[in-house]
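Visitor: The structure follows.
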Amino acid sequence: MQQTPQDLRQIEALLDFYTASGVDCFLGDEPVDWFGLTSEQAAQRLQNMGAVAQAPQTGQPALGGDIRHVPAAPRQQGGGPASLSSPAAAAPSGASATGAPVGQVPVTGQSAVLPDKAIIAAARELAASAASLDDLRQCLESFDGCNLKLTAKKLVFADGNPQARLMFVGEAPGRDEDQQGKPFVGRSGQLLDRMLAAIGLDRTAVYIANVVPWRPPGNRTPTPQETEICKPFIKRQIELVDPDVLVFLGAASAKTLLGVQDGIRKMRGHWMTYPGLTREIAAIATYHPAYLLRSPLEKRLSWRDFLSIRQALQDNQKEKS
């Protein structure tokens with residue numbers, strides 16, 4: 001069958017629509033109803049998960065509160081972290097405002113999980129139960145309260161040295177990170193590696209993570225609800241790594257974890273304090289490598305930031321010696 005110019009224009013328009021919708025890779029020859037499949041997966045996850053966690057107890061911080069005030073969840077026999085997939089992780093009593101038992105994930109026919117305060121409270125409790133980074137990874141793998149997990153290929157937990165004095169935090173993984181399960185491995189990650197090399201460092205000397213550990217579909221920006229659900233886990237991750245210097249790559253991660261509202265142009269280059277649980281941590285925000293790829297003239301300002309980071313590490317080492 002010979003294709004006419006009109007057919008080719010229609011095919012081109014369809015491909016443009018796919019690109020705008022976030023379709024960025026070839027999956028198979030047969031069409032798949034991903035909406036129906038996602039609903040089935042969500043129903044199965046929720047059936048397996050059961051009750052998620054208890055409602056926040058008296059004195060537990062409100063939405064956006066500091067994880068340092070959250071009492072650690074009871075640990076299961078054997079020392080592992082409490083899992084949301086275990087019925088013992090929650091003992092529902094009464095009912096919530098939605099009519100569902102307290103601690104149970106409310107569901108609808110169209111979505112896997114409704115991101116409400118109960119889910120955020122469950123995330124706080126689960127994150128607080130992690131005694132190590134391995135525990136925290138297991139907690140995230142068992143946590144079904146964030147819908148991004150349904151569409152992501154892999155959990156993007158971290159990369160680098162857990163004992164590093166320098167930690168970087170971005171916003172969320174992209175396509176390359178989702179495929180490999182490591183943060184900052186695409187073009188922006190390659191630029192970050194070169195920036196580290198310029199101050200005499202590499203990934204064996206730093207620790208890299210994201211606020212949101214699952215890729216949002218189409219590389220969209222995570223919603224405030226998704227960010228709030230994931231925030232207890234990155235806060236616990238920072239606490240367990242306990243770096244001397246914390247660097248926020250882009251304004252989004254700094255706004256989430258420091259509560260600042262300034263844009264990155266105003267924020268970058270200024271030293272701040274991250275309120276760690278055991279001690280205060282020196283923190284600074286700089287441009288995200290992806291932004292530098294789009295705006296290469298700003299690299300000179302990032303270079304100043306990285307020189308300041310190197311100096312802070314040196315000063316910190318002198319104080320300890």
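Naming works like this for the structure tokens: A, B, ... for the chains as they're shown, residue 1 at the start of each chain, ligands 1 onward in shown order.
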Enumerate, in order of chain and increasing residue number, the residues of stretch 144-187 of chain A with an atom no farther than 10 Å from stretch 241-251 of chain A, each with its shortest atom pair and distance in Å to one decimal, counting only C-alpha atoms, as a Markdown table.

Guide:
| residue | atom | partner | partner_atom | distance |
| --- | --- | --- | --- | --- |
| A:Asn161 | CA | A:Val241 | CA | 9.1 |
| A:Pro162 | CA | A:Val241 | CA | 5.8 |
| A:Gln163 | CA | A:Val241 | CA | 6.4 |
| A:Ala164 | CA | A:Pro243 | CA | 6.4 |
| A:Arg165 | CA | A:Pro243 | CA | 4.5 |
| A:Leu166 | CA | A:Val245 | CA | 5.0 |
| A:Met167 | CA | A:Leu246 | CA | 5.0 |
| A:Phe168 | CA | A:Val247 | CA | 4.7 |
| A:Val169 | CA | A:Phe248 | CA | 5.0 |
| A:Gly170 | CA | A:Leu249 | CA | 4.9 |
| A:Glu171 | CA | A:Gly250 | CA | 7.5 |

Visitor: Please identify all polymer residues within 12 Å of A:Ile309, counting only C-alpha atoms, omitting same-chain residues fewer than 5 positions from it, and present them as an NGL selection string.

Guide: :A and (165-168 or 195-196 or 198-201 or 244-248 or 268-271 or 282-286 or 302-304 or 314-316)

Visitor: Generate the output file for the selected residues, N, CA and C atoms, as a PDB file, in the first residue's frame.

Guide:
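Writing the result to part_22.pdb gives the following:
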ATOM      1  N   ARG A 165      32.018  12.619  52.860  1.00  0.00           N
ATOM      2  CA  ARG A 165      31.817  13.865  53.596  1.00  0.00           C
ATOM      3  C   ARG A 165      30.974  14.849  52.803  1.00  0.00           C
ATOM      4  N   LEU A 166      30.793  14.591  51.513  1.00  0.00           N
ATOM      5  CA  LEU A 166      30.059  15.490  50.622  1.00  0.00           C
ATOM      6  C   LEU A 166      28.885  14.743  50.006  1.00  0.00           C
ATOM      7  N   MET A 167      27.684  15.310  50.143  1.00  0.00           N
ATOM      8  CA  MET A 167      26.475  14.678  49.609  1.00  0.00           C
ATOM      9  C   MET A 167      25.747  15.649  48.696  1.00  0.00           C
ATOM     10  N   PHE A 168      25.303  15.143  47.543  1.00  0.00           N
ATOM     11  CA  PHE A 168      24.521  15.918  46.585  1.00  0.00           C
ATOM     12  C   PHE A 168      23.084  15.398  46.579  1.00  0.00           C
ATOM     13  N   MET A 195      32.554  18.213  36.652  1.00  0.00           N
ATOM     14  CA  MET A 195      32.639  19.284  37.643  1.00  0.00           C
ATOM     15  C   MET A 195      33.333  18.788  38.908  1.00  0.00           C
ATOM     16  N   LEU A 196      33.037  17.553  39.303  1.00  0.00           N
ATOM     17  CA  LEU A 196      33.708  16.975  40.468  1.00  0.00           C
ATOM     18  C   LEU A 196      35.202  16.802  40.200  1.00  0.00           C
ATOM     19  N   ALA A 198      37.021  18.545  38.390  1.00  0.00           N
ATOM     20  CA  ALA A 198      37.682  19.849  38.372  1.00  0.00           C
ATOM     21  C   ALA A 198      38.121  20.293  39.762  1.00  0.00           C
ATOM     22  N   ILE A 199      37.497  19.746  40.812  1.00  0.00           N
ATOM     23  CA  ILE A 199      37.920  20.079  42.179  1.00  0.00           C
ATOM     24  C   ILE A 199      38.577  18.874  42.858  1.00  0.00           C
ATOM     25  N   GLY A 200      39.018  17.923  42.042  1.00  0.00           N
ATOM     26  CA  GLY A 200      39.781  16.797  42.559  1.00  0.00           C
ATOM     27  C   GLY A 200      38.965  15.693  43.196  1.00  0.00           C
ATOM     28  N   LEU A 201      37.700  15.540  42.806  1.00  0.00           N
ATOM     29  CA  LEU A 201      36.838  14.514  43.397  1.00  0.00           C
ATOM     30  C   LEU A 201      36.236  13.644  42.303  1.00  0.00           C
ATOM     31  N   ASP A 244      29.436  16.134  55.940  1.00  0.00           N
ATOM     32  CA  ASP A 244      29.907  17.420  56.452  1.00  0.00           C
ATOM     33  C   ASP A 244      29.354  18.573  55.627  1.00  0.00           C
ATOM     34  N   VAL A 245      29.178  18.336  54.332  1.00  0.00           N
ATOM     35  CA  VAL A 245      28.681  19.366  53.417  1.00  0.00           C
ATOM     36  C   VAL A 245      27.565  18.766  52.572  1.00  0.00           C
ATOM     37  N   LEU A 246      26.468  19.504  52.451  1.00  0.00           N
ATOM     38  CA  LEU A 246      25.302  19.067  51.692  1.00  0.00           C
ATOM     39  C   LEU A 246      25.072  20.052  50.549  1.00  0.00           C
ATOM     40  N   VAL A 247      25.002  19.545  49.320  1.00  0.00           N
ATOM     41  CA  VAL A 247      24.836  20.392  48.141  1.00  0.00           C
ATOM     42  C   VAL A 247      23.511  20.061  47.466  1.00  0.00           C
ATOM     43  N   PHE A 248      22.681  21.079  47.276  1.00  0.00           N
ATOM     44  CA  PHE A 248      21.405  20.903  46.586  1.00  0.00           C
ATOM     45  C   PHE A 248      21.589  21.279  45.122  1.00  0.00           C
ATOM     46  N   ARG A 268      21.701  30.459  45.071  1.00  0.00           N
ATOM     47  CA  ARG A 268      22.984  29.781  44.839  1.00  0.00           C
ATOM     48  C   ARG A 268      24.148  30.622  45.375  1.00  0.00           C
ATOM     49  N   GLY A 269      25.183  29.884  45.792  1.00  0.00           N
ATOM     50  CA  GLY A 269      26.392  30.543  46.250  1.00  0.00           C
ATOM     51  C   GLY A 269      26.370  31.005  47.688  1.00  0.00           C
ATOM     52  N   HIS A 270      25.229  30.872  48.366  1.00  0.00           N
ATOM     53  CA  HIS A 270      25.119  31.323  49.755  1.00  0.00           C
ATOM     54  C   HIS A 270      25.063  30.099  50.675  1.00  0.00           C
ATOM     55  N   TRP A 271      25.910  30.107  51.684  1.00  0.00           N
ATOM     56  CA  TRP A 271      25.927  28.989  52.622  1.00  0.00           C
ATOM     57  C   TRP A 271      24.768  29.091  53.600  1.00  0.00           C
ATOM     58  N   ALA A 282      26.517  22.094  57.031  1.00  0.00           N
ATOM     59  CA  ALA A 282      26.693  23.192  56.079  1.00  0.00           C
ATOM     60  C   ALA A 282      26.064  22.807  54.745  1.00  0.00           C
ATOM     61  N   ALA A 283      25.251  23.701  54.197  1.00  0.00           N
ATOM     62  CA  ALA A 283      24.524  23.395  52.965  1.00  0.00           C
ATOM     63  C   ALA A 283      24.621  24.562  51.993  1.00  0.00           C
ATOM     64  N   ILE A 284      24.608  24.231  50.720  1.00  0.00           N
ATOM     65  CA  ILE A 284      24.671  25.238  49.668  1.00  0.00           C
ATOM     66  C   ILE A 284      23.895  24.722  48.467  1.00  0.00           C
ATOM     67  N   ALA A 285      23.274  25.627  47.727  1.00  0.00           N
ATOM     68  CA  ALA A 285      22.559  25.267  46.504  1.00  0.00           C
ATOM     69  C   ALA A 285      23.329  25.789  45.301  1.00  0.00           C
ATOM     70  N   THR A 286      23.292  25.038  44.223  1.00  0.00           N
ATOM     71  CA  THR A 286      23.930  25.466  42.985  1.00  0.00           C
ATOM     72  C   THR A 286      23.060  25.033  41.815  1.00  0.00           C
ATOM     73  N   SER A 302      28.615  28.282  38.618  1.00  0.00           N
ATOM     74  CA  SER A 302      28.713  26.964  39.256  1.00  0.00           C
ATOM     75  C   SER A 302      30.157  26.653  39.637  1.00  0.00           C
ATOM     76  N   TRP A 303      31.098  27.104  38.828  1.00  0.00           N
ATOM     77  CA  TRP A 303      32.507  26.891  39.151  1.00  0.00           C
ATOM     78  C   TRP A 303      32.857  27.596  40.453  1.00  0.00           C
ATOM     79  N   ARG A 304      32.343  28.792  40.653  1.00  0.00           N
ATOM     80  CA  ARG A 304      32.558  29.496  41.919  1.00  0.00           C
ATOM     81  C   ARG A 304      31.968  28.699  43.077  1.00  0.00           C
ATOM     82  N   GLN A 314      37.809  21.532  52.972  1.00  0.00           N
ATOM     83  CA  GLN A 314      39.152  21.695  53.533  1.00  0.00           C
ATOM     84  C   GLN A 314      39.100  22.322  54.923  1.00  0.00           C
ATOM     85  N   ASP A 315      38.253  23.341  55.089  1.00  0.00           N
ATOM     86  CA  ASP A 315      38.125  23.987  56.398  1.00  0.00           C
ATOM     87  C   ASP A 315      37.578  23.016  57.430  1.00  0.00           C
ATOM     88  N   ASN A 316      36.614  22.196  57.013  1.00  0.00           N
ATOM     89  CA  ASN A 316      36.030  21.226  57.929  1.00  0.00           C
ATOM     90  C   ASN A 316      37.053  20.192  58.359  1.00  0.00           C
TER      91      ASN A 316
END

Visitor: Select, from A:Val206, A:Ala127, A:Val23, A:Ile119, the residue with the minimum atom-to-atom distance to A:Leu240, counting only C-alpha atoms.

Guide: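 Closest to A:Leu240 of all the choices is A:Ala127.
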
Visitor: Determine, counting only C-alpha atoms, which protein, DNA and RNA residues have an atom within 10 Å of an atom of A:Pro289; residues of the same chain fewer than 3 positions away are not included. Present the result as a PyMOL selection string.

Guide: chain A and resi 170+184+187-193+195+249-250+286+292-296+299+302

Visitor: Atom CA of A:Lys318 and atom CA of A:Ser253, how far apart in Å?

Guide: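 Answer for the atom CA of A:Ser253 to atom CA of A:Lys318 separation: 28.8 Å.
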
Visitor: Write out as number ranges by chain which residues come within 9 Å of A:Arg175 when counting only C-alpha atoms, dropping same-chain ones fewer than 3 positions away.

Guide: A: 24, 178-180, 186, 215, 218-219

Visitor: With C-alpha atoms retained, could you export that selection as a PDB file, in the first residue's frame?

Guide:
ATOM      1  CA  ASP A  24      10.135   8.276  24.829  1.00  0.00           C
ATOM      2  CA  ASP A 178      15.259   5.051  35.619  1.00  0.00           C
ATOM      3  CA  GLN A 179      16.797   2.507  33.260  1.00  0.00           C
ATOM      4  CA  GLN A 180      20.022   2.062  35.257  1.00  0.00           C
ATOM      5  CA  GLY A 186      22.744  10.746  31.772  1.00  0.00           C
ATOM      6  CA  ARG A 215      11.033   8.799  37.778  1.00  0.00           C
ATOM      7  CA  GLY A 218       7.567  11.859  30.866  1.00  0.00           C
ATOM      8  CA  ASN A 219      10.159  13.514  33.110  1.00  0.00           C
TER       9      ASN A 219
END
